[in-house]
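Novice: Take a look at this one; I'll ask things after.
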Amino acid sequence: MKTITITPLKAFEISVEAENISPDKLAPLTLSQIRSLEIWQGNRKRKLSDLFRAEGDDDPAKAEDVTITLRGDFSRVKRIGEGMTAGRVEVEGSVGMHAGNNMKGGLLSVRGDAEDWLGREMRGGRITVGGNAGNYVGAGYRGEKCGMRGGEIEVGGSAGNYLGEHLCGGSIHVHGDAGDFPGAANQGGTIFIGGSTYLPGAEMTKGTITVKGKARILPGYQKIETVAMDGEDWQKYAGDLVENGKGELFVRVGSSL
Amino acid sequence: MIVEDAICSFCGCLCDDINVEVEESKIKRVKHACRLGSSKILGHSRIKAPMIRRDGELMEVSYQEAYDRAAEILLHAQKPLLYGWASTVCEAQKKGILLAEEVGGVLDSTATVCHGPSVIGIEEKGLPGATLGQVKNRADTIVFWGCNPAEAHPRHSLRYSSNVCGRFTPEGREGRKIIVVDVRETRTSKNADETVIIQPGTDYEVISALRMLVVGKGDVVPDEVGGVPKAELDGLAKMLLAARFGTVFFGLGITHSRGRYKNIDNALSLVAELNSHTKFVIMPMRGHYNVGGIGQALAWSSGFPMSVDFTRNAPYFNPGETAACDLLAKADTDAALIIAADAASNFPRAAVKALAKIPVIQIDPYENPTTLIAEVVIPSAIAGIEVAGTAYRMDGLALRMRKLVDTSYPSDEEILSHILESVRRMRAGEGA
Amino acid sequence: MIIKGGIVYDPANDVFGEEMDLCVNEGRIVEDAKGEEIDARGLLVMPGGVDAHSHIAGTKVNTGRIMRPDDARLGIEPRSGVCRPSTGYTVPNCYAMGYRYARMGYTTVFEAATPIIEARHTHEELEEIPILDKGALTLFGNNWEVMECVRDKDISKLAAYVAWGLRSARGYGVKIVNPGGGEAWGFGSNVKSLNDPVPSFDVTPAEIIAGLARANEMLHLPHSIHLHFNNLGKPGNYTTALETLELLKDIKPGRMRQVVHVAHMQFSAYGGTSWRDFESKAPVIADYFNSHNHATMDLGQLLFGSATTMTADAPLEYGNARLTHNKWSNHDIELEESSGVVPMVYFRKMLVNAVQWAIGLELALLTRDPWKVLMTTDHPNGSPFINYPEVIALLMSKPKRDAEMATLHEQLPKRTSLGGIERELDWTQIAIMTRAAPARILGLEDKGHLGPGADADISIYNLRPEEVDPSQDHVLVKKALAAAKYTIKSGIVVSQEGQILATPEGKTFWVDAGVPQADMDRLMVDLQEKFEKYYSVRLSNYAVQDAYVPNPKVIRAGIKVEPMKEVA
């Protein structure tokens with residue numbers, strides 16, 4: 001087990017891009033090498049030690065044996081855990097945009113809130129957020145047909161707009177509300193929303209969206225039947241028929257607008 | 001002296017039939033332009049000299065001092081924003097892109113408060129469009145959705161759309177069906193054959209309903225969508241299908257209401273579907289006369305049409321993160337160059353507040369609310385009137401703006417070149 | 001500058017792999033020179049590459065960029081040294097176009113299709129492309145004035161319009177795409193055959209093609225008509241190709257060259273009646289080219305992976321989009337043309353794509369005379385130009401073709417004769433197909449060869465042709481061609497071992513053709529009317545102004561026979 005703890009040296013004004021803070025990148029490095037890693041702040045290329053304090057184990061290890069603890073305010077630090085394939089990243093507070101971008105494996109856990117684009121284009125692994133997440137959780141990149149293809153994201157609080165846009169695989173579980181247009185243009189995967197949402201599954205062609213709270217339903221969704229699941233009744237819809245979609249939408253009975 | 005076929009530098013119509021009477025290097029009279037264009041061309045009082053704010057007051061300085069101060073601000077900044085661009089010519093825009101690359105900043109245009117969502121929609125679905133002359137010669141059905149050209153693009157209907165006669169449309173207005181979709185009656189809807197009033201924020205659902213109706217899946221559609229009875233929507237769908245050549249023009253009513261880029265995305269799909277049944281095109285009603293130009297120039301230079309972050313020496317595009325309003329909303333920019341646009345008037349309040357906290361360089365012929373928060377003010381020649389150059393019309397057509405009168409003011413392109421020179425000189429001096 | 005000891009392939013001057021020195025002075029090849037010496041001993045040396053058909057600049061290309069941020073984010077190279085940032089794979093930004101072609105040893109590239117009214121945009125982009133010399137072909141095949149002149153059998157007025165159009169667009173030659181179909185698309189339909197009348201215009205595609213060919217030859221234009229056939233991309237369309245070629249065989253060329261250059265022949269060499277029985281008709285097409293001398297072709301080779309289709313064949317693009325459920329851009333251009341842009345991916349295991357891949361190679365290998373065949377991928381329709389080395393390696397190596405075929409759909413051998421073709425092209429033939437022939441076909445006298453007076457555009461590769469067997473060492477061939485050891489443009493070393501060292505501005509070729517004033521006067525009557533009634537812009541704002549072509553290279557042509565000459 002190789003543990004590294006990273007703490008910001010000060011509050012950041014201009015956001016910081018830290019795609020080098022990931023178990024795969026840190027695993028083979030000594031502390032000294034870690035401190036020399038390239039970190040960008042705006043147009044200034046910096047060393048990690050210019051902006052952060054890094055402490056922990058010096059010896060090289062495999063990514064799966066690495067735990068990175070991020071302590072302090074990381075809400076303006078972007079791209080944490082980008083592309084990671086194994087290991088753990090534990091954020092004690094909040095984390096900035098693009099946390100877990102392109103993640104392929106391992107665990108990213110955020111105790112506080114996560115900014116926009118959490119787990120963008122995720123392929124595998126698991127992300128958990130204790131607080132709220134921003135817009136575009138588990139979404140894709142502009143113009144791409146497929147965004148997230150695998151892995152699991154769980155948000156304890158609420159999520160913003162465009163949750164899981166272009167989802168092709170994997171699962172997203174939000175305990176609270178989700179904003180507008182969750183599951184837009186989806187081709188697979190599952191989304192669960194514990195609270196309420198607005199116009200879910202726009203242009204979905206495949207996949208499953210389940211909403212426990214209220215949901216405003218699109219005109220392209222056809223009521224199919226009520227089903228019982230987990231001791232509750234759910235209205236099942238098929239859609240989005242504007243795209244001849246074969247997706248499934250479940251909304252708890254007594255909830256829909 | 002009368003200059004014929006001058007091109008108006010106000011809105012995205014880029015009317016090129018304007019006659020301008022010039023006497024002793026001053027514009028005396030403007031013919032054929034609408035009142036918005038006339039007013040722009042006739043001009044008004046402008047900034048006399050460059051200024052730098054010292055102890056809260058703007059003091060006149062030389063151009064070189066202003067260039068040097070601007071360069072200092074840009075070099076010092078970790079993430080400068082270079083914003084605006086929509087009311088100047090491409091020659092200046094190209095220089096601005098080079099400047100953004102070299103100082104490592106973020107470049108964005110007024111599309112961010114206008115048709116940025118349309119661009120994002122196009123990135124999802126493409127743009128099934130045409131030049132305005134196709135609409136003139138062929139369109140027998142025109143839909144104005146969330147826009148009010150009677151007030152924002154006054155000559156649009158007589159030059160390009162509702163009222164114009166063309167080869168296959170010899171009857172002009174008589175031979176056309178004009179449909180307005182909006183949240184209230186407007187001056188444009190007063191001259192429409194059909195007006196469909198929808199509840200605010202329901203554009204997306206109404207478009208989805210139309211998509212269902214157009215492919216014959218009407219029985220799934222609820223009895224009312226967006227406050228509109230299904231029968232009325234069905235009637236609208238039938239009108240669209242009956243078109244020989246249909247056009248949808250759309251504006252801020254749909255780009256900035258709930259749904260934003262999803263609304264455009266959906267409208268683009270509706271038009272693509274209609275092309276399986278008949279002929280249909282769609283076009284955004286661009287506001288500023290050359291917002292099209294910065295989109296084109298930025299795309300051919302960087303691969304992306306707006307909101308490009310050059311801070312890491314390579315273009316990065318992610319509206320929602322790299323757009324001007326995004327940066328300001330998150331206080332993630334530490335200096336701004338505002339050129340050929342009035343940020344303080346058009347940005348959301350919170351963004352203007354953030355702008356007021358950072359050093360601002362303004363390049364503009366005219367004073368406007370942005371001047372109040374600027375640290376450096378550089379008056380420029382008026383592009384399209386005092387400076388020739390390229391502009392792109394709302395349908396993507398490039399035209400060359402004429403120079404109508406002489407001026408002693410430097411052009412935007414010259415100003416940017418000088419700032420770039422100062423940047424390079426200062427950087428070399430630092431031994432970089 | 002002296003390039004010493006290279007193994008030079010300069011087929012236009014009958015040099016087929018001779019060891020010789022090349023001398024350069026003031027941007028041209030000369031007999032003798034002093035100065036910087038470049039050691040090219042034993043290395044492959046050819047004239048700089050000439051690409052006669054590529055989509056590199058203008059509305060279509062930029063639309064491709066705007067709608068594909070997913071493509072732009074690939075191939076990102078940060079700015080460094082003399083280079084601005086590069087982005088994009090199938091739709092690179094302007095700077096990447098210049099750098100990437102130059103790295104491969106290409107020095108001249110022509111934009112395949114420009115509508116006259118949008119030529120200003122094309123030239124803005126061409127000016128942003130560093131290093132390369134360039135030109136743009138101008139679209140005429142769906143133009144109202146053209147169709148009316150053809151209908152009225154007024155070839156003199158048609159010639160006047162072509163001259164006027166080329167001047168207004170600062171264009172190089174006459175491009176024709178799906179003639180008549182683009183106009184029919186104005187109301188959502190298409191033309192189905194050469195004899196299908198164009199709605200509202202009382203002409204057929206056959207008449208448009210023949211009319212423009214005659215006007216082209218009357219004007220003694222350096223290039224012939226450059227033709228994208230009707231029915232492109234449809235199973236069974238090879239019959240349209242043959243019919244069209246037959247149509248033109250008796251037209252006398254006004255210069256020592258072909259009467260018609262066929263664009264991306266691969267897309268029009270299809271047999272079968274549907275996608276299910278789709279098969280190659282390349283042998284039949286190649287036979288035709290082998291027994292006739294009035295036509296040339298470029299391949300339009302398809303390669304597996306990403307592409308962006310962009311063409312003035314708008315109905316085809318709509319079809320592509322519906323078939324693949326893809327995003328779709330369309331742009332109809334008043335009185336002149338239509339166009340469409342659709343992203344595409346070609347798959348090894350899709351039988352249709354595998355057959356298409358085979359067809360391009362068959363065409364090159366079965367056509368005996370390499371002077372009739374240009375190696376292209378119709379960038380970015382078949383594949384981005386950055387993959388040219390892959391195509392060349394395939395043409396030179398049967399083992400490579402066999403290895404590739406083994407990975408494709410197993411039904412492929414039933415639909416194409418490629419498996420049985422033993423022929424492997426050699427460096428002479430490659431030099432012809434990528435340098436000498438495109439220059440000759442386009443009518444560029446100082447390009448594509450290394451004789452005295454030619455532009456000093458030279459490519460030197462890390463490959464010893466006397467030691468390497470391209471058939472076995474195809475991996476080496478592909479690697480060497482991907483990054484020239486030296487690319488020299490107008491006597492300046494612009495690229496070395498894949499690094500761009502200099503970014504001089506290139507020249508833009510365009511053709512200024514003269515016609516009798518009387519015909520021009522008659523034409524202007526028509527045009528005044530069209531601008532008054534139908535165009536959405538004024539005549540005085542229409543033509544491309546000098547400001548957009550700051551480095552012109554004007555070729556004179558016209559009704560009176562004149563020796564082809566360049567005017568500064």
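Chain labels follow the order of the structure tokens: the first chain is A, the next B, and so on; residue numbering restarts at 1 in every chain, and ligands are counted from 1 in their shown order.
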As number ranges by chain, please: the residues near stretch 82-95 of chain A (cut-off 6 Å, only C-alpha atoms, same-chain neighbours under 3 positions excluded).
Specialist: A: 19, 22-24, 63-71, 74-75, 79, 100-114
Novice: What are the residues of chain B lining chain A at 7 Å or less? Count only C-alpha atoms, and put the answer as a ChimeraX atom specification.
Specialist: /B:78-79,104,123-124,205,208-209,211-212,220-222,311-312,332-333
Novice: For C:Pro413, list every protein, DNA or RNA residue within 12 Å, evaluated using only C-alpha atoms, and leave out those in the same chain fewer than 3 positions away; present the list as a list in words.
Specialist: Glu279, Ser280, Leu351, Ala354, Val355, Ala358, Ile359, Asp402, Met405, Ala406, Thr407, Leu408, His409, Glu410, Thr416, Ser417, Leu418, Gly419, Gly420 and Ile421 of chain C
Novice: Could you list, as JSON, numbers by chain, every residue within 7 Å of C:Ile2, counting only C-alpha atoms and ignoring same-chain residues fewer than 2 positions away?
Specialist: {"C": [4, 21, 22, 23, 24, 33, 34, 35, 36, 37, 38]}
Novice: Output the contact residues of chain C with respect to chain B at a cut-off of 6 Å, based on only C-alpha atoms, as a list in words.
Specialist: Arg65, Met67, Arg68, Ala72, Pro78, Arg79, Pro85, Thr87, Asn93, Cys94, His121, Phe187, Gly188, Lys327, Trp328, Ser329, Asn330, His331, Asp332, Ile333, Glu334, Tyr534, Tyr535 and Ser536 of chain C
Novice: Quote the spacing between atom CA of B:Tyr409 and atom CA of B:Leu372 in Å to one decimal place.
Specialist: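 These two atoms are separated by 21.3 Å.
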